[in-house]
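The structure file my_file_16.cif is reproduced below (mmCIF, N, CA and C atoms).
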```
data_final
loop_
_atom_site.label_atom_id
_atom_site.label_comp_id
_atom_site.auth_asym_id
_atom_site.auth_seq_id
_atom_site.Cartn_x
_atom_site.Cartn_y
_atom_site.Cartn_z
N MET A 1001 45.20 -32.82 68.46
CA MET A 1001 46.09 -33.90 68.75
C MET A 1001 45.31 -34.98 69.49
N LYS A 1002 45.50 -36.22 69.04
CA LYS A 1002 44.78 -37.33 69.66
C LYS A 1002 45.62 -37.90 70.80
N THR A 1003 44.97 -38.22 71.82
CA THR A 1003 45.65 -38.89 72.94
C THR A 1003 45.37 -40.38 72.83
N PRO A 1004 46.36 -41.21 73.18
CA PRO A 1004 46.12 -42.66 73.09
C PRO A 1004 45.02 -43.09 74.03
N THR A 1005 44.22 -43.95 73.53
CA THR A 1005 43.13 -44.46 74.35
C THR A 1005 43.62 -45.66 75.15
N PHE A 1006 42.77 -46.09 76.04
CA PHE A 1006 43.11 -47.23 76.88
C PHE A 1006 43.32 -48.48 76.03
N ARG A 1007 42.51 -48.66 74.98
CA ARG A 1007 42.63 -49.83 74.12
C ARG A 1007 43.98 -49.84 73.38
N GLY A 1008 44.42 -48.71 72.87
CA GLY A 1008 45.70 -48.62 72.17
C GLY A 1008 46.86 -48.93 73.10
N THR A 1009 46.81 -48.47 74.31
CA THR A 1009 47.86 -48.75 75.28
C THR A 1009 47.89 -50.22 75.64
N LEU A 1010 46.72 -50.83 75.78
CA LEU A 1010 46.64 -52.24 76.11
C LEU A 1010 47.21 -53.09 74.97
N ARG A 1011 46.94 -52.69 73.73
CA ARG A 1011 47.45 -53.43 72.57
C ARG A 1011 48.98 -53.37 72.54
N LEU A 1012 49.56 -52.21 72.86
CA LEU A 1012 51.01 -52.09 72.88
C LEU A 1012 51.64 -52.98 73.95
N HIS A 1013 50.98 -53.10 75.08
CA HIS A 1013 51.51 -53.95 76.15
C HIS A 1013 51.45 -55.42 75.77
N ARG A 1014 50.45 -55.81 75.00
CA ARG A 1014 50.35 -57.21 74.57
C ARG A 1014 51.44 -57.57 73.56
N GLN A 1015 51.90 -56.63 72.77
CA GLN A 1015 52.90 -56.88 71.74
C GLN A 1015 54.33 -56.87 72.28
N ARG A 1016 54.52 -56.43 73.48
CA ARG A 1016 55.85 -56.36 74.06
C ARG A 1016 56.42 -57.78 74.24
N GLY A 1017 57.64 -58.03 73.75
CA GLY A 1017 58.29 -59.33 73.89
C GLY A 1017 58.00 -60.29 72.76
N VAL A 1018 57.17 -59.89 71.81
CA VAL A 1018 56.85 -60.78 70.70
C VAL A 1018 58.09 -61.05 69.85
N ALA A 1019 58.91 -60.06 69.64
CA ALA A 1019 60.13 -60.24 68.85
C ALA A 1019 61.08 -61.23 69.51
N SER A 1020 61.15 -61.20 70.82
CA SER A 1020 62.02 -62.15 71.54
C SER A 1020 61.53 -63.58 71.37
N VAL A 1021 60.24 -63.77 71.45
CA VAL A 1021 59.67 -65.11 71.29
C VAL A 1021 59.87 -65.60 69.87
N GLU A 1022 59.63 -64.74 68.89
CA GLU A 1022 59.85 -65.12 67.50
C GLU A 1022 61.31 -65.44 67.23
N PHE A 1023 62.21 -64.65 67.78
CA PHE A 1023 63.63 -64.93 67.61
C PHE A 1023 64.00 -66.28 68.22
N ALA A 1024 63.46 -66.57 69.39
CA ALA A 1024 63.77 -67.84 70.05
C ALA A 1024 63.29 -69.02 69.20
N LEU A 1025 62.12 -68.92 68.61
CA LEU A 1025 61.61 -70.00 67.78
C LEU A 1025 62.45 -70.17 66.51
N VAL A 1026 62.80 -69.08 65.88
CA VAL A 1026 63.59 -69.15 64.65
C VAL A 1026 65.03 -69.56 64.97
N ALA A 1027 65.59 -69.09 66.07
CA ALA A 1027 66.98 -69.39 66.42
C ALA A 1027 67.17 -70.88 66.69
N VAL A 1028 66.19 -71.53 67.31
CA VAL A 1028 66.31 -72.96 67.58
C VAL A 1028 66.43 -73.73 66.26
N ILE A 1029 65.60 -73.41 65.31
CA ILE A 1029 65.65 -74.08 64.01
C ILE A 1029 66.95 -73.74 63.29
N PHE A 1030 67.32 -72.47 63.30
CA PHE A 1030 68.53 -72.04 62.61
C PHE A 1030 69.78 -72.70 63.18
N PHE A 1031 69.94 -72.70 64.48
CA PHE A 1031 71.15 -73.28 65.08
C PHE A 1031 71.17 -74.80 64.96
N THR A 1032 70.01 -75.44 64.97
CA THR A 1032 69.96 -76.88 64.73
C THR A 1032 70.46 -77.21 63.33
N LEU A 1033 70.00 -76.46 62.35
CA LEU A 1033 70.48 -76.66 60.98
C LEU A 1033 71.97 -76.34 60.86
N LEU A 1034 72.42 -75.30 61.51
CA LEU A 1034 73.83 -74.91 61.45
C LEU A 1034 74.73 -75.99 62.05
N ILE A 1035 74.37 -76.50 63.20
CA ILE A 1035 75.15 -77.57 63.84
C ILE A 1035 75.12 -78.83 62.99
N GLY A 1036 73.96 -79.14 62.40
CA GLY A 1036 73.86 -80.31 61.52
C GLY A 1036 74.75 -80.20 60.30
N ILE A 1037 74.81 -79.02 59.69
CA ILE A 1037 75.67 -78.82 58.53
C ILE A 1037 77.13 -78.94 58.92
N CYS A 1038 77.51 -78.37 60.04
CA CYS A 1038 78.90 -78.47 60.51
C CYS A 1038 79.28 -79.91 60.82
N GLU A 1039 78.39 -80.66 61.44
CA GLU A 1039 78.68 -82.04 61.79
C GLU A 1039 78.77 -82.91 60.54
N PHE A 1040 77.88 -82.69 59.59
CA PHE A 1040 77.93 -83.42 58.33
C PHE A 1040 79.24 -83.13 57.60
N SER A 1041 79.69 -81.89 57.64
CA SER A 1041 80.96 -81.52 57.01
C SER A 1041 82.13 -82.21 57.70
N ARG A 1042 82.08 -82.31 59.01
CA ARG A 1042 83.15 -82.98 59.76
C ARG A 1042 83.21 -84.47 59.43
N VAL A 1043 82.05 -85.11 59.29
CA VAL A 1043 82.02 -86.53 58.93
C VAL A 1043 82.56 -86.72 57.52
N LEU A 1044 82.22 -85.82 56.60
CA LEU A 1044 82.77 -85.91 55.24
C LEU A 1044 84.28 -85.69 55.24
N PHE A 1045 84.77 -84.81 56.12
CA PHE A 1045 86.21 -84.61 56.24
C PHE A 1045 86.90 -85.89 56.70
N TYR A 1046 86.33 -86.57 57.71
CA TYR A 1046 86.89 -87.84 58.17
C TYR A 1046 86.86 -88.88 57.06
N TRP A 1047 85.77 -88.90 56.31
CA TRP A 1047 85.63 -89.84 55.21
C TRP A 1047 86.76 -89.63 54.19
N ASN A 1048 86.99 -88.38 53.83
CA ASN A 1048 88.04 -88.05 52.86
C ASN A 1048 89.42 -88.38 53.43
N THR A 1049 89.65 -88.07 54.69
CA THR A 1049 90.94 -88.35 55.31
C THR A 1049 91.21 -89.85 55.38
N ALA A 1050 90.19 -90.63 55.71
CA ALA A 1050 90.35 -92.09 55.75
C ALA A 1050 90.66 -92.64 54.37
N SER A 1051 90.01 -92.10 53.36
CA SER A 1051 90.28 -92.53 51.99
C SER A 1051 91.71 -92.21 51.58
N GLU A 1052 92.17 -91.01 51.91
CA GLU A 1052 93.55 -90.63 51.59
C GLU A 1052 94.56 -91.44 52.39
N ALA A 1053 94.25 -91.75 53.64
CA ALA A 1053 95.15 -92.57 54.45
C ALA A 1053 95.29 -93.97 53.86
N MET A 1054 94.19 -94.51 53.38
CA MET A 1054 94.22 -95.83 52.78
C MET A 1054 95.02 -95.81 51.47
N ARG A 1055 94.87 -94.75 50.68
CA ARG A 1055 95.65 -94.63 49.44
C ARG A 1055 97.15 -94.50 49.75
N LEU A 1056 97.48 -93.75 50.79
CA LEU A 1056 98.88 -93.63 51.19
C LEU A 1056 99.44 -94.99 51.59
N GLY A 1057 98.66 -95.75 52.35
CA GLY A 1057 99.10 -97.09 52.74
C GLY A 1057 99.32 -98.00 51.55
N ALA A 1058 98.48 -97.87 50.54
CA ALA A 1058 98.65 -98.69 49.34
C ALA A 1058 99.90 -98.27 48.57
N ARG A 1059 100.17 -96.98 48.51
CA ARG A 1059 101.39 -96.52 47.82
C ARG A 1059 102.64 -97.00 48.55
N VAL A 1060 102.60 -96.99 49.87
CA VAL A 1060 103.74 -97.47 50.65
C VAL A 1060 103.89 -98.98 50.48
N ALA A 1061 102.78 -99.70 50.42
CA ALA A 1061 102.83 -101.16 50.30
C ALA A 1061 103.38 -101.61 48.96
N THR A 1062 103.30 -100.77 47.93
CA THR A 1062 103.82 -101.17 46.62
C THR A 1062 105.34 -101.25 46.59
N VAL A 1063 106.01 -100.52 47.47
CA VAL A 1063 107.48 -100.51 47.45
C VAL A 1063 108.10 -101.17 48.67
N CYS A 1064 107.29 -101.59 49.62
CA CYS A 1064 107.82 -102.22 50.84
C CYS A 1064 107.79 -103.74 50.72
N ASP A 1065 108.51 -104.39 51.62
CA ASP A 1065 108.46 -105.84 51.70
C ASP A 1065 107.07 -106.28 52.12
N LEU A 1066 106.81 -107.57 51.98
CA LEU A 1066 105.50 -108.10 52.33
C LEU A 1066 105.20 -107.87 53.80
N ASN A 1067 104.03 -107.33 54.07
CA ASN A 1067 103.53 -107.07 55.42
C ASN A 1067 104.49 -106.27 56.28
N ALA A 1068 105.11 -105.25 55.71
CA ALA A 1068 106.02 -104.38 56.47
C ALA A 1068 105.21 -103.57 57.47
N PRO A 1069 105.76 -103.34 58.67
CA PRO A 1069 105.02 -102.58 59.69
C PRO A 1069 104.77 -101.12 59.31
N GLY A 1070 105.55 -100.58 58.39
CA GLY A 1070 105.40 -99.18 58.00
C GLY A 1070 104.11 -98.90 57.26
N ILE A 1071 103.49 -99.93 56.69
CA ILE A 1071 102.24 -99.71 55.95
C ILE A 1071 101.16 -99.21 56.90
N ALA A 1072 100.91 -99.96 57.96
CA ALA A 1072 99.89 -99.55 58.93
C ALA A 1072 100.33 -98.30 59.69
N ASN A 1073 101.62 -98.15 59.93
CA ASN A 1073 102.12 -96.97 60.64
C ASN A 1073 101.85 -95.69 59.86
N ASN A 1074 102.04 -95.73 58.54
CA ASN A 1074 101.78 -94.55 57.73
C ASN A 1074 100.30 -94.20 57.70
N ILE A 1075 99.46 -95.22 57.69
CA ILE A 1075 98.01 -94.98 57.68
C ILE A 1075 97.58 -94.34 58.99
N THR A 1076 98.02 -94.90 60.11
CA THR A 1076 97.61 -94.36 61.41
C THR A 1076 98.29 -93.03 61.72
N ARG A 1077 99.42 -92.75 61.09
CA ARG A 1077 100.06 -91.45 61.28
C ARG A 1077 99.24 -90.34 60.62
N LEU A 1078 98.64 -90.64 59.45
CA LEU A 1078 97.82 -89.65 58.77
C LEU A 1078 96.47 -89.46 59.46
N MET A 1079 95.90 -90.55 59.97
CA MET A 1079 94.62 -90.47 60.68
C MET A 1079 94.69 -91.35 61.92
N PRO A 1080 95.03 -90.76 63.07
CA PRO A 1080 95.23 -91.56 64.29
C PRO A 1080 93.99 -92.28 64.80
N THR A 1081 92.80 -91.90 64.35
CA THR A 1081 91.60 -92.58 64.83
C THR A 1081 91.39 -93.94 64.17
N ILE A 1082 92.19 -94.27 63.18
CA ILE A 1082 92.10 -95.60 62.54
C ILE A 1082 92.91 -96.59 63.36
N PRO A 1083 92.27 -97.60 63.93
CA PRO A 1083 93.05 -98.61 64.66
C PRO A 1083 93.80 -99.51 63.68
N LYS A 1084 94.99 -99.95 64.08
CA LYS A 1084 95.78 -100.80 63.20
C LYS A 1084 95.08 -102.12 62.91
N SER A 1085 94.17 -102.53 63.79
CA SER A 1085 93.44 -103.77 63.55
C SER A 1085 92.44 -103.64 62.40
N SER A 1086 92.10 -102.41 62.01
CA SER A 1086 91.17 -102.20 60.90
C SER A 1086 91.86 -102.21 59.54
N VAL A 1087 93.19 -102.17 59.54
CA VAL A 1087 93.95 -102.12 58.29
C VAL A 1087 94.26 -103.54 57.84
N SER A 1088 93.94 -103.83 56.58
CA SER A 1088 94.20 -105.15 56.01
C SER A 1088 95.03 -104.99 54.74
N VAL A 1089 96.11 -105.77 54.64
CA VAL A 1089 96.98 -105.75 53.47
C VAL A 1089 97.00 -107.16 52.89
N SER A 1090 96.70 -107.27 51.59
CA SER A 1090 96.75 -108.58 50.94
C SER A 1090 97.48 -108.45 49.61
N TYR A 1091 98.11 -109.53 49.23
CA TYR A 1091 98.91 -109.56 48.01
C TYR A 1091 98.33 -110.60 47.06
N ALA A 1092 98.45 -110.33 45.76
CA ALA A 1092 97.95 -111.27 44.76
C ALA A 1092 99.10 -111.64 43.84
N PRO A 1093 99.20 -112.86 43.43
CA PRO A 1093 98.36 -113.99 43.76
C PRO A 1093 98.58 -114.44 45.20
N SER A 1094 97.62 -115.16 45.73
CA SER A 1094 97.66 -115.58 47.13
C SER A 1094 98.87 -116.47 47.40
N GLY A 1095 99.54 -116.21 48.51
CA GLY A 1095 100.70 -116.99 48.90
C GLY A 1095 101.97 -116.66 48.13
N CYS A 1096 102.03 -115.48 47.54
CA CYS A 1096 103.19 -115.11 46.74
C CYS A 1096 104.35 -114.65 47.64
N THR A 1097 105.51 -114.57 47.05
CA THR A 1097 106.69 -114.05 47.74
C THR A 1097 106.96 -112.64 47.21
N ALA A 1098 107.98 -111.98 47.74
CA ALA A 1098 108.29 -110.61 47.34
C ALA A 1098 108.57 -110.50 45.85
N SER A 1099 109.11 -111.54 45.23
CA SER A 1099 109.45 -111.48 43.81
C SER A 1099 108.31 -111.95 42.90
N THR A 1100 107.29 -112.59 43.45
CA THR A 1100 106.21 -113.11 42.60
C THR A 1100 104.88 -112.37 42.77
N CYS A 1101 104.78 -111.45 43.68
CA CYS A 1101 103.53 -110.72 43.88
C CYS A 1101 103.32 -109.71 42.75
N ASN A 1102 102.09 -109.66 42.24
CA ASN A 1102 101.76 -108.73 41.16
C ASN A 1102 101.06 -107.47 41.66
N THR A 1103 100.15 -107.63 42.60
CA THR A 1103 99.38 -106.48 43.11
C THR A 1103 99.31 -106.53 44.62
N VAL A 1104 99.02 -105.38 45.20
CA VAL A 1104 98.80 -105.27 46.63
C VAL A 1104 97.47 -104.55 46.84
N THR A 1105 96.68 -105.05 47.78
CA THR A 1105 95.40 -104.45 48.10
C THR A 1105 95.40 -104.05 49.56
N VAL A 1106 95.12 -102.80 49.82
CA VAL A 1106 95.03 -102.29 51.20
C VAL A 1106 93.59 -101.86 51.42
N SER A 1107 93.03 -102.28 52.55
CA SER A 1107 91.65 -101.90 52.85
C SER A 1107 91.52 -101.53 54.32
N ILE A 1108 90.55 -100.69 54.57
CA ILE A 1108 90.23 -100.25 55.94
C ILE A 1108 88.76 -100.58 56.16
N THR A 1109 88.47 -101.30 57.23
CA THR A 1109 87.09 -101.66 57.55
C THR A 1109 86.79 -101.30 59.01
N ASN A 1110 85.52 -101.27 59.34
CA ASN A 1110 85.05 -101.01 60.71
C ASN A 1110 85.62 -99.72 61.28
N LEU A 1111 85.46 -98.65 60.55
CA LEU A 1111 85.97 -97.36 61.00
C LEU A 1111 84.83 -96.54 61.61
N PRO A 1112 84.83 -96.35 62.94
CA PRO A 1112 83.75 -95.57 63.56
C PRO A 1112 84.06 -94.08 63.59
N VAL A 1113 83.02 -93.27 63.53
CA VAL A 1113 83.14 -91.83 63.67
C VAL A 1113 82.12 -91.40 64.72
N ASN A 1114 82.62 -90.78 65.78
CA ASN A 1114 81.74 -90.28 66.84
C ASN A 1114 81.34 -88.84 66.53
N THR A 1115 80.05 -88.58 66.54
CA THR A 1115 79.58 -87.23 66.27
C THR A 1115 79.67 -86.39 67.54
N MET A 1116 79.66 -85.08 67.34
CA MET A 1116 79.77 -84.15 68.47
C MET A 1116 78.49 -83.35 68.63
N ILE A 1117 77.37 -83.90 68.21
CA ILE A 1117 76.09 -83.22 68.33
C ILE A 1117 75.68 -83.21 69.80
N PRO A 1118 75.37 -82.03 70.35
CA PRO A 1118 74.99 -81.97 71.76
C PRO A 1118 73.72 -82.77 72.03
N PHE A 1119 73.72 -83.51 73.08
CA PHE A 1119 72.58 -84.29 73.58
C PHE A 1119 72.21 -85.48 72.70
N VAL A 1120 72.92 -85.70 71.58
CA VAL A 1120 72.64 -86.83 70.70
C VAL A 1120 73.96 -87.46 70.28
N PRO A 1121 74.63 -88.19 71.16
CA PRO A 1121 75.90 -88.81 70.76
C PRO A 1121 75.65 -90.00 69.84
N LEU A 1122 76.11 -89.90 68.60
CA LEU A 1122 75.95 -90.98 67.63
C LEU A 1122 77.32 -91.51 67.23
N THR A 1123 77.37 -92.78 66.91
CA THR A 1123 78.57 -93.39 66.35
C THR A 1123 78.20 -93.93 64.98
N LEU A 1124 78.80 -93.34 63.96
CA LEU A 1124 78.53 -93.76 62.59
C LEU A 1124 79.64 -94.68 62.11
N SER A 1125 79.29 -95.66 61.30
CA SER A 1125 80.28 -96.55 60.71
C SER A 1125 80.51 -96.14 59.27
N MET A 1126 81.78 -95.92 58.94
CA MET A 1126 82.11 -95.58 57.55
C MET A 1126 82.17 -96.84 56.72
N PRO A 1127 81.96 -96.70 55.42
CA PRO A 1127 82.09 -97.88 54.56
C PRO A 1127 83.55 -98.32 54.46
N ALA A 1128 83.75 -99.51 53.96
CA ALA A 1128 85.11 -100.02 53.77
C ALA A 1128 85.76 -99.30 52.60
N PHE A 1129 87.03 -98.97 52.76
CA PHE A 1129 87.82 -98.34 51.71
C PHE A 1129 88.84 -99.37 51.21
N THR A 1130 88.99 -99.48 49.90
CA THR A 1130 89.91 -100.45 49.32
C THR A 1130 90.65 -99.83 48.14
N THR A 1131 91.95 -100.08 48.07
CA THR A 1131 92.76 -99.66 46.93
C THR A 1131 93.67 -100.81 46.53
N THR A 1132 93.73 -101.07 45.23
CA THR A 1132 94.61 -102.10 44.69
C THR A 1132 95.58 -101.44 43.72
N LEU A 1133 96.86 -101.66 43.93
CA LEU A 1133 97.91 -101.09 43.08
C LEU A 1133 98.88 -102.19 42.66
N PRO A 1134 99.55 -102.03 41.51
CA PRO A 1134 100.56 -103.02 41.12
C PRO A 1134 101.81 -102.86 41.96
N ARG A 1135 102.46 -103.98 42.26
CA ARG A 1135 103.71 -103.94 43.01
C ARG A 1135 104.80 -103.35 42.13
N GLU A 1136 105.62 -102.47 42.69
CA GLU A 1136 106.68 -101.82 41.92
C GLU A 1136 108.06 -102.35 42.27
N SER A 1137 108.23 -102.71 43.51
CA SER A 1137 109.55 -103.14 43.97
C SER A 1137 109.49 -104.64 44.24
N LEU A 1138 109.55 -105.41 43.19
CA LEU A 1138 109.31 -106.85 43.32
C LEU A 1138 110.44 -107.57 44.05
N THR A 1139 111.66 -107.05 43.99
CA THR A 1139 112.77 -107.74 44.66
C THR A 1139 113.38 -106.87 45.74
N SER A 1140 112.58 -106.00 46.35
CA SER A 1140 113.09 -105.08 47.36
C SER A 1140 113.49 -105.83 48.62
N SER A 1141 114.54 -105.33 49.26
CA SER A 1141 114.92 -105.92 50.54
C SER A 1141 114.68 -104.98 51.69
N SER A 1142 114.52 -103.70 51.42
CA SER A 1142 114.28 -102.77 52.53
C SER A 1142 113.10 -101.86 52.26
N GLY A 1143 112.98 -101.29 51.05
CA GLY A 1143 111.89 -100.39 50.74
C GLY A 1143 112.09 -98.99 51.28
N GLY A 1144 113.17 -98.74 51.96
CA GLY A 1144 113.42 -97.41 52.49
C GLY A 1144 112.86 -97.19 53.88
N SER A 1145 112.97 -95.95 54.36
CA SER A 1145 112.55 -95.64 55.73
C SER A 1145 111.04 -95.64 55.90
N ALA A 1146 110.28 -95.52 54.84
CA ALA A 1146 108.81 -95.51 54.96
C ALA A 1146 108.26 -96.87 55.36
N CYS A 1147 109.03 -97.92 55.19
CA CYS A 1147 108.55 -99.26 55.49
C CYS A 1147 108.74 -99.68 56.95
N ASN A 1148 109.43 -98.88 57.72
CA ASN A 1148 109.69 -99.25 59.13
C ASN A 1148 108.64 -98.72 60.05
#
```

Please rewrite the model in this file as structure tokens.
Amino acid sequence: MKTPTFRGTLRLHRQRGVASVEFALVAVIFFTLLIGICEFSRVLFYWNTASEAMRLGARVATVCDLNAPGIANNITRLMPTIPKSSVSVSYAPSGCTASTCNTVTVSITNLPVNTMIPFVPLTLSMPAFTTTLPRESLTSSSGGSACN
């Protein structure tokens, strides 16, 4: 039976803790990628929600009176981080009345998204979202409860 020599014992002492150091190096890279993927997914979720909020506003604007307050209210109800000042509603042709408007365009601009990345607070600006739909209720006087 061989007994361990001094050199073999010294080599074992040098290797102690190597797994911990390797794990620490790999874990930093892994968790950085994991947080980045989660944050990117969250930004895409906001992007999709803002797009759907804008589409909802356009659908409401097709049946409501001109510049009804319910248009912006429905958009901000779906996504509260959208300020009402970012919502724009326009009717075509320009200067039309409720009975002469053909289309309605709803757009959202200057929409910021704050990231939650630790130690790196970023504010990203989303692109402008625009939807144009034909007016359906050309002679409406109320448009229902969604317009309030």

>> So that I can check the surroundings of A:Leu1111, please list as a PyMOL selection string every protein, DNA and RNA residue that reaches within 10 Å of it, counting only C-alpha atoms and ignoring chain neighbours fewer than 2 positions away.
In response: chain A and resi 1046-1047+1050+1081-1083+1086-1087+1108-1109+1113+1123-1129

> What is the atom N of A:Leu1078 to atom N of A:Phe1040 distance in Å?
Replying inline: 22.2 Å

>> Neighbouring residues of A:Ile1035 were defined as those with any atom within 8 Å, considering all atoms listed in the file; residues of the same chain fewer than 4 positions away were excluded. Please report them as a ChimeraX atom specification.
In response: /A:1029-1031,1039-1041,1116-1118

Save the residues we just selected, N, CA and C atoms, as a PDB file, in the coordinates of the input?
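Result file follows (part21.pdb):
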```pdb
ATOM      1  N   ILE A1029      65.600 -73.410  65.310  1.00  0.00           N
ATOM      2  CA  ILE A1029      65.650 -74.080  64.010  1.00  0.00           C
ATOM      3  C   ILE A1029      66.950 -73.740  63.290  1.00  0.00           C
ATOM      4  N   PHE A1030      67.320 -72.470  63.300  1.00  0.00           N
ATOM      5  CA  PHE A1030      68.530 -72.040  62.610  1.00  0.00           C
ATOM      6  C   PHE A1030      69.780 -72.700  63.180  1.00  0.00           C
ATOM      7  N   PHE A1031      69.940 -72.700  64.480  1.00  0.00           N
ATOM      8  CA  PHE A1031      71.150 -73.280  65.080  1.00  0.00           C
ATOM      9  C   PHE A1031      71.170 -74.800  64.960  1.00  0.00           C
ATOM     10  N   GLU A1039      78.390 -80.660  61.440  1.00  0.00           N
ATOM     11  CA  GLU A1039      78.680 -82.040  61.790  1.00  0.00           C
ATOM     12  C   GLU A1039      78.770 -82.910  60.540  1.00  0.00           C
ATOM     13  N   PHE A1040      77.880 -82.690  59.590  1.00  0.00           N
ATOM     14  CA  PHE A1040      77.930 -83.420  58.330  1.00  0.00           C
ATOM     15  C   PHE A1040      79.240 -83.130  57.600  1.00  0.00           C
ATOM     16  N   SER A1041      79.690 -81.890  57.640  1.00  0.00           N
ATOM     17  CA  SER A1041      80.960 -81.520  57.010  1.00  0.00           C
ATOM     18  C   SER A1041      82.130 -82.210  57.700  1.00  0.00           C
ATOM     19  N   MET A1116      79.660 -85.080  67.340  1.00  0.00           N
ATOM     20  CA  MET A1116      79.770 -84.150  68.470  1.00  0.00           C
ATOM     21  C   MET A1116      78.490 -83.350  68.630  1.00  0.00           C
ATOM     22  N   ILE A1117      77.370 -83.900  68.210  1.00  0.00           N
ATOM     23  CA  ILE A1117      76.090 -83.220  68.330  1.00  0.00           C
ATOM     24  C   ILE A1117      75.680 -83.210  69.800  1.00  0.00           C
ATOM     25  N   PRO A1118      75.370 -82.030  70.350  1.00  0.00           N
ATOM     26  CA  PRO A1118      74.990 -81.970  71.760  1.00  0.00           C
ATOM     27  C   PRO A1118      73.720 -82.770  72.030  1.00  0.00           C
TER      28      PRO A1118
END
```

> Among stretch 1014-1132 of chain A, which residues carry a DSSP assignment of strand (DSSP E), reported as a ChimeraX atom specification?
Replying inline: /A:1087-1092,1103-1108,1111-1114,1123-1126,1129-1132

>> For this structure, which residues satisfy the selection - the PyMOL selection byres ((chain A and resi 1053-1059) around 6) - when it is evaluated on the file as given? I want them as a VMD selection string.
In response: chain A and resid 1048 to 1052 1060 to 1063 1071 1074 to 1075 1078 to 1079 1106

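Going from atom CA of A:Arg1016 to atom C of A:Val1028 covers 21.8 Å.
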
>> DSSP on the backbone, helix (DSSP H, G or I) only: what residues of stretch 1031-1138 of chain A does that give? Format it as JSON, numbers by chain.
In response: {"A": [1031, 1032, 1033, 1034, 1035, 1036, 1037, 1038, 1039, 1040, 1041, 1042, 1043, 1044, 1045, 1046, 1047, 1048, 1049, 1050, 1051, 1052, 1053, 1054, 1055, 1056, 1057, 1058, 1059, 1060, 1061, 1062, 1063, 1069, 1070, 1071, 1072, 1073, 1074, 1075, 1076, 1077, 1078, 1084, 1085, 1086]}

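Proximity of A:Ala1019, A:Leu1133, A:Cys1147, A:Thr1115 to A:Val1043, computed with all atoms listed in the file, is greatest for A:Thr1115.
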
Using all atoms of stretch 1058-1072 of chain A listed in the file and a margin of 4 Å per side, can you give the axis-aligned box centre and edge lengths in Å to one decimal, as JSON?
```
{"center_x": 103.5, "center_y": -102.3, "center_z": 53.1, "size_x": 18.0, "size_y": 19.6, "size_z": 21.1}
```

> atom C of A:Leu1066 to atom N of A:Lys1084: how many Å, to one decimal?
Replying inline: 16.5 Å
